[in-house]
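Working notes for the structure below.
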Amino acid sequence: MIPGKYRSVSGRAANNVNCGLHLVIQTSSLPEKNKVRFKKVEFKLNKDTSSFPGRLLQHDLERNYSSRQGDHINLVSSSLSSFPILQRSSEEKILYSDRLSLERQKLTVCPIINGEDHLRLLNFQHNFITRIQNISNLQKLISLDLYDNQIEEISGLSTLRCLRVLLLGKNRIKKISNLENLKSLDVLDLHGNQITKIENINHLCELRVLNLARNFLSHVDNLNGLDSLTELNLRHNQITFVRDVDNLPCLQHLFLSFNNISSFDSVSCLADSSSLSDITFDGNPIAQESWYKHTVLQNMMQLRQLDMKRITEEERRMASVLAKKEEEKKRESHKQSLLKEKRRLTINNVARQWDLQQQRVANIATNEDRKDSDSPQDPCQIDGSTLSAFPEETGPLDSGLNNALQGLSVIDTYLVEVDGDTLSLYGSGALESLDRNWSVQTAGMITTVSFTFIEFDEIVQVLPKLKIKFPNSLHLKFKETNLVMLQQFNALAQLRRIDQLTIDPQGNPVVNFTLWKYYVLFRLSHFSMQKINGTEVTQNDMIMAERLFGILAHVASSELPQYRLISILGDARKKQFQYLLESKGKKPGIINEENNDSKRLVGENTNRATLNYTTRDFYNEKLEEIKEKKKFCKTYIEDLVKEATEINMKNEALQKLWPQMFIELVRDAVIEIRNKNSYMKLCLQQITDQK
Amino acid sequence: MLSPERLALPDYEYLAQRHVLTYMEDAVCQLLENREDISQYGIARFFTEYFNSVCQGTHILFREFSFVQATPHNRVSFLRAFWRCFRTVGKNGDLLTMKEYHCLLQLLCPDFPLELTQKAARIVLMDDAMDCLMSFSDFLFAFQIQFYYSEFLDSVAAIYEDLLSGKNPNTVIVPTSSSGQHRQRPALGEAGMLEGVEASLFYQCLENLCDRHKYSCPPPALVKEALSNVQRLTFYGFLMALSKHHGINQALGALPDKGDLMHDPAMDEELERLVVRSKLHRTSRQHRAKEPGAFGFQRREKQEALERVSSASVPMPYHYRWEPRE
């Protein structure tokens, strides 16, 4: 007898029916000759088997019959071997010549069955058999039922070439093996075992039903060759991915409930199977996803039932609509991530260049110090540890992104970003972007300007431009800009207004000073700043700043001689004009505005205005220029000194000689006048000579 | 004024001693640089102002380092200016690092070299842990010695090295102690051996140095005083002793005594006036500006911001914002 559950209901594909298997049990006249020795046990349905509501279950038909079996079976223990020998009464042999039921006989081993070589159905359900043995002589066997035993290994079946139904559910089988000769197998039931791998079944080309529920399978593959398989039950395993199902040309029903499938990719082969019409995924993580239903429907158009429910046209339509939406979303996010990636790469590139620059500078400095160093520095050599620890965001890149990015021929060396009210500049090349034609609206919206990886000295030069182009920029942020001296903050005074200042400690050593905030507040007091590095500025801070540096301002303004004041202030203004004039397309009107602005600023806080910042390069330039003048001055003064000392010498010599000279003069005069007459004659002579 | 010794010197020497030429050259150079501005109000006035500022010691403010260190008077003026401007920092009690002091120096002299500051810091920290914080007075006195006597100190360092390695620059006799022959040049202040050099020997060399060289050196008598109570000393120990010696400080005349370092009543008065003025100035600005929210920076509309910049004098509602911090 074959439990009815394995009968195929005539469905659409009714070509796999092998009539030989359908042993329809004679329902009517079942003589109840065999008295039951054991108490009546109800025939229980195996819960793990596929329960198709459409199926006819013949169990009720069989109940009376099967429960009555096992009566007149005598198990005689033989002295020859440890196996009991089975004997049946000849009556039974004639009546049930092709079937034998040894259900619940407390068998621990398979008994030797003699003289029954034409048996076709053998039932060993609910025993304690550990090994399949002693049935090799039953070469006509068509159905072997070993459900609910303790079998650990499939063996002893090699002679059963006619076997069509093999039921080994609820045993302890660890491996599918030794089924090589069972080429006619139609139904193979291995549910409730310990099988971890699908193998050694590729030759079963007539297999229609395969039940591997409640095993330890973690993946599904190796299913090729099962050309007749229509039903595959894999419920209650640990399956994470499914392969090879598209190699099953007849598969209609696939049960994957209660496994570990979490993405549709792991079951992607199902989309290629044209025969599948019924599938279950319930109890898998994938069934919890929001996109589950419509993704499945979209990818498996041939499906008629999902999770035991029919699929309506409405659902299909919804699925396609949702799938389209998903596609759109994915495209958008792809674009976004592409942009983000580009931004990240650019910033990393800028960071790298910055580090190179810093290392080069450091190397030059150290090389100058160590003139007799043994090992020459290689400025191009960069070891893994960079100077600036700029956090590299390493997000996952999918392959599509990678391909797209390789199309980028040039990776920029700077980045300019406008994000609502923030303008971000990365890299010194970005400073040129201030020259661009910004729309009034965009420029007006900008309230925060952020500088990263740019030398502060370079920023100083574009501050006038910033003032003009972005008049509403109230918050300045500096990161990795090499702010090392308090002096540098003097340069910020030329702006129109700053409300907030953020100096990131990274790359700005000046933040390590104790007094830097107070100095900023002091020097830029005319801005009435509200926040520095996120903390609010209190009046006490301002007072402290004034206390600390007020005298400096006082000294700088009142004690400088007038000409110095003028020259310093004049210098500052000249410098600003110089920066402005270097940019292109200056309108004269704006320069006048500049003039007024700076005048106003000077008026506001004269005592600080002399505290200026000249970038190192400019300063050195100036000093170079002065050298010529100094040389000239030196020679000029030397000449003067020479003159003066000559005169002095002459003076001193005169002082020394004068008394003597005076006496001589007087003596000469007296000698001359001694003889009046001759003196008169001499004088007259001199007069006539003159004429 | 017409002292006999003054008249006894020949011209050039006299000029050189008083560094008159330096100032003359510098004055003319400044004149050339700022020709346009100065021509407005006359050369005579310029020279008056210039030499007045030289007398007052304000001529070195914001000048390049080569000028600042050119003459002893410049150096003294610079020290004094530094003290006056940043006394408040010291008074506040802040301890700063060497780099920060260097920054303050650079505020007054933009190209002041870092090495001088480093050397000064080494004196204070006894050549140890250069990142340590230093107090204002310690730094200032050490800096004074280092800056004013820098050439002298360089020579002293050389002498010290020689003495340490056993070579005596004065006598011809080779020292008989075994240490002189076998020992290699040790690092300054090596532990385990006797530190430094013998004080008296050291002083003899210094005396010779002072006699030989023209540039300024501390009065030998005072140096002797400083070395009187020690047997041996290290280089930095010696410098530290110099910097702490009151007599030398007074001889220099740049800074007041250590006790009076924080006192400058005239300046304090001025400072109070400034602070009061800034307070008033600030609150009056608050009057004018629109008050942001109590919790800091408030995003302003573009229009408002533009308006505010152009018409800052328009009175707007006043909210009292500042609370005195307890």
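Labels for the structure tokens follow display order: chains A, B, ..., residues from 1 in each chain, ligands from 1.
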
Report as a tab-separated table the residues of chain A within 8 Å of chain B, each with its shortest atom pair and distance in Å (one decimal), using only C-alpha atoms, ordered by chain and increasing residue number.
residue	atom	partner	partner_atom	distance
A:Gly444	CA	B:Lys302	CA	6.3
A:Met445	CA	B:Lys302	CA	6.5
A:Pro471	CA	B:Leu306	CA	7.6
A:Asn472	CA	B:Ala305	CA	6.5
A:Met485	CA	B:Cys103	CA	5.8
A:Leu486	CA	B:Cys103	CA	6.3
A:Gln487	CA	B:Leu107	CA	5.9
A:Asp499	CA	B:Phe297	CA	7.9
A:Gln500	CA	B:Phe297	CA	7.9
A:Phe513	CA	B:Glu100	CA	6.0
A:Thr514	CA	B:Leu96	CA	6.8
A:Ser528	CA	B:Arg282	CA	7.3
A:Gln530	CA	B:Phe297	CA	6.8
A:Lys531	CA	B:Phe297	CA	7.3
A:Glu536	CA	B:Gly296	CA	6.4
A:Thr538	CA	B:Trp322	CA	7.0
A:Gln539	CA	B:Trp322	CA	6.4
A:Asn540	CA	B:Arg325	CA	7.1
A:Ile543	CA	B:Val275	CA	6.5
A:Glu546	CA	B:Val275	CA	6.0
A:Arg547	CA	B:Val275	CA	6.7
A:Leu548	CA	B:Thr88	CA	5.2
A:Phe549	CA	B:Phe86	CA	7.1
A:Gly550	CA	B:Leu271	CA	6.2
A:Ile551	CA	B:Cys85	CA	5.4
A:Leu552	CA	B:Cys85	CA	4.7
A:Val555	CA	B:Cys85	CA	7.1
A:Ala556	CA	B:Leu61	CA	7.6
A:Glu559	CA	B:Thr58	CA	6.5
A:Leu560	CA	B:Thr58	CA	6.5
A:Pro561	CA	B:Glu49	CA	6.1
A:Gln562	CA	B:Glu49	CA	7.7
A:Tyr563	CA	B:Ile38	CA	6.5
A:Ile566	CA	B:Asp37	CA	7.1
A:Ser567	CA	B:Asn34	CA	6.4
A:Leu611	CA	B:Leu107	CA	7.9
A:Ile626	CA	B:Glu33	CA	7.9
A:Lys629	CA	B:Cys29	CA	6.3
A:Lys630	CA	B:Cys29	CA	5.9
A:Cys633	CA	B:Glu25	CA	5.5
A:Lys634	CA	B:Glu25	CA	5.8
A:Ile637	CA	B:Glu25	CA	6.2
A:Thr645	CA	B:Asp11	CA	6.7

File of the preceding selection, N, CA and C atoms, as a CSV table (one decimal), in the first residue's frame:
chain,number,residue,atom,x,y,z
A,444,GLY,N,23.6,85.7,-1.7
A,444,GLY,CA,23.0,86.3,-0.6
A,444,GLY,C,22.6,85.3,0.5
A,445,MET,N,22.4,84.1,0.1
A,445,MET,CA,21.9,83.1,1.0
A,445,MET,C,23.1,82.5,1.9
A,471,PRO,N,28.3,89.1,1.0
A,471,PRO,CA,28.2,90.1,2.1
A,471,PRO,C,27.5,89.6,3.4
A,472,ASN,N,26.8,88.5,3.2
A,472,ASN,CA,26.1,88.0,4.4
A,472,ASN,C,26.8,86.9,5.1
A,485,MET,N,49.9,81.4,14.4
A,485,MET,CA,50.3,82.6,15.2
A,485,MET,C,49.0,83.3,15.5
A,486,LEU,N,49.1,84.0,16.6
A,486,LEU,CA,48.0,84.9,17.0
A,486,LEU,C,47.8,86.0,16.0
A,487,GLN,N,49.0,86.4,15.5
A,487,GLN,CA,49.0,87.5,14.6
A,487,GLN,C,48.1,87.3,13.4
A,499,ASP,N,30.1,86.9,13.0
A,499,ASP,CA,29.4,86.6,14.2
A,499,ASP,C,29.9,85.4,14.9
A,500,GLN,N,30.4,84.5,14.1
A,500,GLN,CA,30.8,83.2,14.7
A,500,GLN,C,32.1,82.8,14.0
A,513,PHE,N,47.1,77.2,22.1
A,513,PHE,CA,47.5,78.3,23.0
A,513,PHE,C,46.4,78.6,24.0
A,514,THR,N,46.8,79.0,25.2
A,514,THR,CA,45.8,79.3,26.2
A,514,THR,C,45.0,80.5,25.9
A,528,SER,N,31.8,92.3,17.7
A,528,SER,CA,30.9,91.8,18.8
A,528,SER,C,30.5,90.3,18.5
A,530,GLN,N,29.6,86.5,18.6
A,530,GLN,CA,28.8,85.8,19.6
A,530,GLN,C,29.2,84.4,20.0
A,531,LYS,N,29.9,83.8,19.0
A,531,LYS,CA,30.3,82.4,19.3
A,531,LYS,C,31.7,82.1,18.8
A,536,GLU,N,29.3,80.2,23.5
A,536,GLU,CA,28.9,81.6,23.5
A,536,GLU,C,30.0,82.5,24.1
A,538,THR,N,30.7,85.5,26.5
A,538,THR,CA,30.1,86.2,27.5
A,538,THR,C,30.8,87.6,27.7
A,539,GLN,N,30.1,88.4,28.5
A,539,GLN,CA,30.7,89.7,28.6
A,539,GLN,C,32.0,89.6,29.4
A,540,ASN,N,32.1,88.6,30.3
A,540,ASN,CA,33.3,88.4,31.1
A,540,ASN,C,34.4,88.0,30.2
A,543,ILE,N,35.6,91.2,28.7
A,543,ILE,CA,36.4,92.0,29.6
A,543,ILE,C,37.8,91.5,29.9
A,546,GLU,N,40.0,92.3,27.0
A,546,GLU,CA,40.4,93.7,27.1
A,546,GLU,C,41.5,93.8,28.2
A,547,ARG,N,41.3,93.2,29.3
A,547,ARG,CA,42.3,93.3,30.3
A,547,ARG,C,43.6,92.7,29.9
A,548,LEU,N,43.6,91.6,29.2
A,548,LEU,CA,44.8,91.0,28.9
A,548,LEU,C,45.6,91.8,27.8
A,549,PHE,N,44.9,92.3,26.9
A,549,PHE,CA,45.6,92.9,25.7
A,549,PHE,C,45.3,94.4,25.5
A,550,GLY,N,44.6,95.0,26.4
A,550,GLY,CA,44.2,96.4,26.2
A,550,GLY,C,45.4,97.3,26.2
A,551,ILE,N,46.4,96.9,27.0
A,551,ILE,CA,47.6,97.8,27.0
A,551,ILE,C,48.3,97.7,25.7
A,552,LEU,N,48.3,96.5,25.1
A,552,LEU,CA,49.0,96.3,23.8
A,552,LEU,C,48.4,97.3,22.8
A,555,VAL,N,49.4,100.9,23.7
A,555,VAL,CA,50.8,101.1,23.3
A,555,VAL,C,50.9,101.3,21.8
A,556,ALA,N,50.2,100.4,21.1
A,556,ALA,CA,50.3,100.3,19.7
A,556,ALA,C,49.8,101.6,19.0
A,559,GLU,N,51.5,105.3,21.5
A,559,GLU,CA,52.9,105.5,21.7
A,559,GLU,C,53.7,105.5,20.4
A,560,LEU,N,53.1,105.1,19.4
A,560,LEU,CA,53.8,105.1,18.1
A,560,LEU,C,53.8,106.6,17.6
A,561,PRO,N,55.0,106.9,17.0
A,561,PRO,CA,55.0,108.3,16.5
A,561,PRO,C,54.1,108.4,15.3
A,562,GLN,N,53.7,109.6,15.0
A,562,GLN,CA,52.6,109.8,14.0
A,562,GLN,C,53.0,109.2,12.7
A,563,TYR,N,54.2,109.4,12.3
A,563,TYR,CA,54.5,108.9,10.9
A,563,TYR,C,54.4,107.4,10.8
A,566,ILE,N,50.7,106.4,10.4
A,566,ILE,CA,50.3,106.7,9.1
A,566,ILE,C,50.8,105.6,8.2
A,567,SER,N,52.1,105.3,8.3
A,567,SER,CA,52.7,104.4,7.4
A,567,SER,C,52.1,103.0,7.6
A,611,LEU,N,47.5,96.8,14.5
A,611,LEU,CA,47.9,95.4,14.7
A,611,LEU,C,47.5,94.7,13.4
A,626,ILE,N,63.5,96.8,1.0
A,626,ILE,CA,64.1,97.9,1.9
A,626,ILE,C,65.6,97.8,1.8
A,629,LYS,N,67.3,100.4,-0.2
A,629,LYS,CA,67.2,101.7,0.5
A,629,LYS,C,68.2,101.8,1.6
A,630,LYS,N,68.3,100.6,2.3
A,630,LYS,CA,69.2,100.7,3.5
A,630,LYS,C,70.7,100.9,3.0
A,633,CYS,N,71.1,104.4,2.2
A,633,CYS,CA,71.2,105.2,3.4
A,633,CYS,C,72.5,105.1,4.1
A,634,LYS,N,73.0,103.9,4.1
A,634,LYS,CA,74.3,103.7,4.8
A,634,LYS,C,75.4,104.5,4.1
A,637,ILE,N,74.8,108.2,4.8
A,637,ILE,CA,75.2,108.6,6.1
A,637,ILE,C,76.8,108.6,6.3
A,645,THR,N,83.2,114.6,10.1
A,645,THR,CA,84.5,114.4,10.8
A,645,THR,C,85.6,115.2,10.2

* Asked: Using the chain letters and numbers from this document, which residues of region 54-269 of chain B does DSSP assign to strand (DSSP E), as a VMD selection string?
  -> chain B and resid 197 to 198 232 to 233

* Asked: Excluding same-chain residues fewer than 5 positions from region 254-260 of chain B, what lies within 7 Å of it counting only C-alpha atoms, as a PyMOL selection string?
  -> chain B and resi 76-77+79-80+246+249

Could you save those same residues with N, CA and C atoms as a CSV table (one decimal), in the first residue's frame?
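Once written, out.csv looks like this:
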chain,number,residue,atom,x,y,z
B,76,VAL,N,67.0,96.9,25.1
B,76,VAL,CA,66.4,97.2,26.4
B,76,VAL,C,65.0,97.8,26.1
B,77,SER,N,64.9,98.6,25.1
B,77,SER,CA,63.5,99.1,24.8
B,77,SER,C,62.5,98.0,24.5
B,79,LEU,N,62.7,94.9,25.4
B,79,LEU,CA,62.3,94.2,26.6
B,79,LEU,C,61.3,94.9,27.4
B,80,ARG,N,61.5,96.2,27.5
B,80,ARG,CA,60.6,97.0,28.3
B,80,ARG,C,59.2,97.0,27.7
B,246,HIS,N,69.4,90.1,41.0
B,246,HIS,CA,68.7,91.4,41.0
B,246,HIS,C,69.7,92.5,40.4
B,249,ASN,N,69.9,92.6,36.8
B,249,ASN,CA,68.6,93.2,36.3
B,249,ASN,C,68.6,94.7,36.4

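Between CA of Ile459 (chain A) and CA of Thr366 (chain A) lies a distance of 25.9 Å.
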
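The list of residues with at least one atom within 10 Å of Leu153 (chain B), based on only C-alpha atoms and without residues fewer than 6 positions apart in the same chain, reads Ile145, Gln146, Phe147, Ile159, Cys217, Phe235 and Leu239 of chain B.
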
Any chance you could export the current selection's all heavy atoms as a PDB file, in the first residue's frame?
ATOM      1  N   ILE B 145      68.054  87.951  29.804  1.00  0.00           N
ATOM      2  CA  ILE B 145      69.455  87.563  29.758  1.00  0.00           C
ATOM      3  C   ILE B 145      69.814  87.051  28.371  1.00  0.00           C
ATOM      4  O   ILE B 145      70.832  87.438  27.785  1.00  0.00           O
ATOM      5  CB  ILE B 145      69.720  86.459  30.817  1.00  0.00           C
ATOM      6  CG1 ILE B 145      69.498  87.000  32.208  1.00  0.00           C
ATOM      7  CG2 ILE B 145      71.116  85.906  30.671  1.00  0.00           C
ATOM      8  CD1 ILE B 145      70.525  88.024  32.618  1.00  0.00           C
ATOM      9  N   GLN B 146      68.965  86.187  27.857  1.00  0.00           N
ATOM     10  CA  GLN B 146      69.283  85.572  26.568  1.00  0.00           C
ATOM     11  C   GLN B 146      69.326  86.602  25.458  1.00  0.00           C
ATOM     12  O   GLN B 146      70.202  86.579  24.604  1.00  0.00           O
ATOM     13  CB  GLN B 146      68.225  84.496  26.252  1.00  0.00           C
ATOM     14  CG  GLN B 146      68.392  83.857  24.895  1.00  0.00           C
ATOM     15  CD  GLN B 146      69.688  83.106  24.778  1.00  0.00           C
ATOM     16  OE1 GLN B 146      70.003  82.276  25.620  1.00  0.00           O
ATOM     17  NE2 GLN B 146      70.466  83.419  23.758  1.00  0.00           N
ATOM     18  N   PHE B 147      68.376  87.497  25.453  1.00  0.00           N
ATOM     19  CA  PHE B 147      68.261  88.421  24.334  1.00  0.00           C
ATOM     20  C   PHE B 147      69.317  89.517  24.409  1.00  0.00           C
ATOM     21  O   PHE B 147      69.972  89.845  23.431  1.00  0.00           O
ATOM     22  CB  PHE B 147      66.850  89.013  24.319  1.00  0.00           C
ATOM     23  CG  PHE B 147      66.616  89.971  23.184  1.00  0.00           C
ATOM     24  CD1 PHE B 147      66.944  89.616  21.891  1.00  0.00           C
ATOM     25  CD2 PHE B 147      66.067  91.211  23.404  1.00  0.00           C
ATOM     26  CE1 PHE B 147      66.724  90.489  20.837  1.00  0.00           C
ATOM     27  CE2 PHE B 147      65.842  92.092  22.354  1.00  0.00           C
ATOM     28  CZ  PHE B 147      66.170  91.728  21.075  1.00  0.00           C
ATOM     29  N   ILE B 159      82.983  78.360  25.888  1.00  0.00           N
ATOM     30  CA  ILE B 159      83.944  78.198  26.985  1.00  0.00           C
ATOM     31  C   ILE B 159      83.540  77.034  27.861  1.00  0.00           C
ATOM     32  O   ILE B 159      84.355  76.206  28.261  1.00  0.00           O
ATOM     33  CB  ILE B 159      84.017  79.492  27.813  1.00  0.00           C
ATOM     34  CG1 ILE B 159      84.707  80.582  27.016  1.00  0.00           C
ATOM     35  CG2 ILE B 159      84.743  79.245  29.123  1.00  0.00           C
ATOM     36  CD1 ILE B 159      84.752  81.906  27.720  1.00  0.00           C
ATOM     37  N   CYS B 217      78.532  92.852  28.024  1.00  0.00           N
ATOM     38  CA  CYS B 217      78.523  91.692  28.891  1.00  0.00           C
ATOM     39  C   CYS B 217      78.180  92.167  30.282  1.00  0.00           C
ATOM     40  O   CYS B 217      78.339  93.339  30.600  1.00  0.00           O
ATOM     41  CB  CYS B 217      79.882  90.988  28.865  1.00  0.00           C
ATOM     42  SG  CYS B 217      81.254  92.108  29.088  1.00  0.00           S
ATOM     43  N   PHE B 235      75.934  74.856  32.833  1.00  0.00           N
ATOM     44  CA  PHE B 235      75.732  76.019  31.973  1.00  0.00           C
ATOM     45  C   PHE B 235      74.403  76.682  32.261  1.00  0.00           C
ATOM     46  O   PHE B 235      74.322  77.900  32.479  1.00  0.00           O
ATOM     47  CB  PHE B 235      75.795  75.558  30.510  1.00  0.00           C
ATOM     48  CG  PHE B 235      75.639  76.675  29.523  1.00  0.00           C
ATOM     49  CD1 PHE B 235      76.540  77.717  29.497  1.00  0.00           C
ATOM     50  CD2 PHE B 235      74.586  76.682  28.631  1.00  0.00           C
ATOM     51  CE1 PHE B 235      76.400  78.748  28.576  1.00  0.00           C
ATOM     52  CE2 PHE B 235      74.438  77.705  27.705  1.00  0.00           C
ATOM     53  CZ  PHE B 235      75.344  78.739  27.682  1.00  0.00           C
ATOM     54  N   LEU B 239      73.216  80.332  33.846  1.00  0.00           N
ATOM     55  CA  LEU B 239      72.314  81.296  33.223  1.00  0.00           C
ATOM     56  C   LEU B 239      71.133  81.602  34.120  1.00  0.00           C
ATOM     57  O   LEU B 239      70.668  82.744  34.204  1.00  0.00           O
ATOM     58  CB  LEU B 239      71.826  80.748  31.885  1.00  0.00           C
ATOM     59  CG  LEU B 239      72.902  80.602  30.819  1.00  0.00           C
ATOM     60  CD1 LEU B 239      72.296  80.073  29.536  1.00  0.00           C
ATOM     61  CD2 LEU B 239      73.589  81.919  30.574  1.00  0.00           C
TER      62      LEU B 239
END

* Could you please determine the separation between CA of Ala121 (chain B) and CA of Asp211 (chain B) in Å, to one decimal place? => 28.5 Å
